[in-house]
Amino acid sequence: MTLSDHAAHGHAMNRMNNMKPTNRSTVRSSLLASAVLAALLAASGAACANDFPTSARVLYVEDCMRANPGPYFEMVNKCSCAIDAFAAEVKYDEYTTMQTISNGMSIGGERGGAIRDVAMLQPELKKYRELQVKVKKACFIGDAK
């Protein structure tokens, strides 16, 4: 803080101290209301950033636990960690697109070939696989390297 900042702060405090008690409580109420509003806005921003529906999280955790057998409680926590890590990296719509491409690539025969042969899907598949490795490593799942 510079000297002028200290002076301005002191001047503001003097003005507050010289106010009538009713004005002081009004200022405090306004500051409290502003703080609550800021907290609510921050919370709603976090909710927007975390747009994965609960049902999608549950399905992911179930699939993860099926693919990575281990102690129940441990795997629930590790797989929950993984879907939270996915949600921190991508929006739900992007995740569903990547997951759909990945699932489509595993279809055997001619039907799967129709998806596997589309070159423009490869970057999404690569990103999904890289994210899978990253979240598994971060959440200590399996032997992810």
# chains A, B, ... in the order shown; residues from 1 in each chain; ligands from 1
$ residues_around --residues "range 67-80 of chain A" --least-positions-apart "6" --cutoff "10 Å" --atoms "only C-alpha atoms" --output "count of residues only"
13
$ residues_around --residues "Thr96 in chain A" --least-positions-apart "6" --cutoff "10 Å" --atoms "only C-alpha atoms" --output "PyMOL selection string"
chain A and resi 52+56+90+102
$ write_last_selection --atoms "C-alpha atoms" --output "tab-separated table (two decimals), in the first residue's frame"
chain	number	residue	atom	x	y	z
A	52	PHE	CA	-21.97	-33.49	-15.63
A	56	ALA	CA	-23.65	-39.84	-16.02
A	90	VAL	CA	-14.06	-30.94	-20.46
A	102	SER	CA	-14.61	-44.33	-28.36
$ select_by_dssp --residues "range 63-96 of chain A" --states "alpha helix (DSSP H)" --output "ChimeraX atom specification"
/A:63-67,72-89,92-96
$ write_last_selection --atoms "C-alpha atoms" --output "PDB file, in the first residue's frame"
ATOM      1  CA  ASP A  63     -18.140 -48.861 -15.570  1.00  0.00           C
ATOM      2  CA  CYS A  64     -14.834 -47.852 -14.001  1.00  0.00           C
ATOM      3  CA  MET A  65     -15.342 -50.218 -11.073  1.00  0.00           C
ATOM      4  CA  ARG A  66     -16.268 -53.071 -13.421  1.00  0.00           C
ATOM      5  CA  ALA A  67     -13.146 -52.455 -15.530  1.00  0.00           C
ATOM      6  CA  TYR A  72     -15.332 -51.652  -3.130  1.00  0.00           C
ATOM      7  CA  PHE A  73     -14.846 -48.493  -1.056  1.00  0.00           C
ATOM      8  CA  GLU A  74     -11.410 -47.826  -2.529  1.00  0.00           C
ATOM      9  CA  MET A  75     -12.640 -48.162  -6.109  1.00  0.00           C
ATOM     10  CA  VAL A  76     -15.742 -46.037  -5.500  1.00  0.00           C
ATOM     11  CA  ASN A  77     -13.453 -43.240  -4.379  1.00  0.00           C
ATOM     12  CA  LYS A  78     -10.883 -43.707  -7.139  1.00  0.00           C
ATOM     13  CA  CYS A  79     -13.510 -43.898  -9.882  1.00  0.00           C
ATOM     14  CA  SER A  80     -15.389 -40.893  -8.450  1.00  0.00           C
ATOM     15  CA  CYS A  81     -12.097 -39.024  -8.499  1.00  0.00           C
ATOM     16  CA  ALA A  82     -11.678 -39.963 -12.166  1.00  0.00           C
ATOM     17  CA  ILE A  83     -15.052 -38.619 -13.301  1.00  0.00           C
ATOM     18  CA  ASP A  84     -14.472 -35.439 -11.279  1.00  0.00           C
ATOM     19  CA  ALA A  85     -11.143 -35.057 -13.068  1.00  0.00           C
ATOM     20  CA  PHE A  86     -12.876 -35.527 -16.442  1.00  0.00           C
ATOM     21  CA  ALA A  87     -15.466 -32.906 -15.470  1.00  0.00           C
ATOM     22  CA  ALA A  88     -12.682 -30.471 -14.588  1.00  0.00           C
ATOM     23  CA  GLU A  89     -11.111 -30.925 -18.029  1.00  0.00           C
ATOM     24  CA  TYR A  92     -20.268 -32.741 -20.527  1.00  0.00           C
ATOM     25  CA  ASP A  93     -21.230 -32.393 -24.209  1.00  0.00           C
ATOM     26  CA  GLU A  94     -17.598 -32.784 -25.270  1.00  0.00           C
ATOM     27  CA  TYR A  95     -17.186 -35.763 -22.933  1.00  0.00           C
ATOM     28  CA  THR A  96     -20.279 -37.482 -24.404  1.00  0.00           C
TER      29      THR A  96
END
$ residues_around --residues "range 116-122 of chain A" --least-positions-apart "2" --cutoff "12 Å" --atoms "only C-alpha atoms" --output "list in words"
Thr97, Met98, Gln99, Thr100, Ile101, Ser102, Asn103, Gly104, Met105, Ser106, Ile107, Gly108, Gly109, Glu110, Arg111, Gly112, Gly113, Ala114, Glu124, Leu125, Lys126, Lys127, Tyr128 and Arg129 of chain A
$ write_last_selection --atoms "C-alpha atoms" --output "short mmCIF file (atom, residue, chain, number, x, y, z; two decimals), in the first residue's frame"
data_model
loop_
_atom_site.label_atom_id
_atom_site.label_comp_id
_atom_site.auth_asym_id
_atom_site.auth_seq_id
_atom_site.Cartn_x
_atom_site.Cartn_y
_atom_site.Cartn_z
CA THR A 97 -19.01 -36.92 -27.94
CA MET A 98 -15.59 -38.37 -27.09
CA GLN A 99 -17.09 -41.31 -25.22
CA THR A 100 -19.51 -42.07 -28.08
CA ILE A 101 -16.65 -42.04 -30.60
CA SER A 102 -14.61 -44.33 -28.36
CA ASN A 103 -17.52 -46.75 -27.94
CA GLY A 104 -18.21 -46.67 -31.68
CA MET A 105 -14.60 -47.52 -32.46
CA SER A 106 -14.96 -50.75 -30.51
CA ILE A 107 -17.80 -52.03 -32.71
CA GLY A 108 -16.49 -54.92 -34.75
CA GLY A 109 -16.90 -55.57 -38.44
CA GLU A 110 -18.26 -53.36 -41.16
CA ARG A 111 -20.43 -51.21 -38.88
CA GLY A 112 -17.45 -50.31 -36.71
CA GLY A 113 -15.36 -49.68 -39.80
CA ALA A 114 -17.77 -46.92 -40.83
CA GLU A 124 -11.34 -36.55 -30.48
CA LEU A 125 -10.52 -40.20 -29.84
CA LYS A 126 -6.89 -39.34 -29.14
CA LYS A 127 -7.91 -36.60 -26.71
CA TYR A 128 -10.32 -38.96 -24.92
CA ARG A 129 -7.68 -41.66 -24.55
#
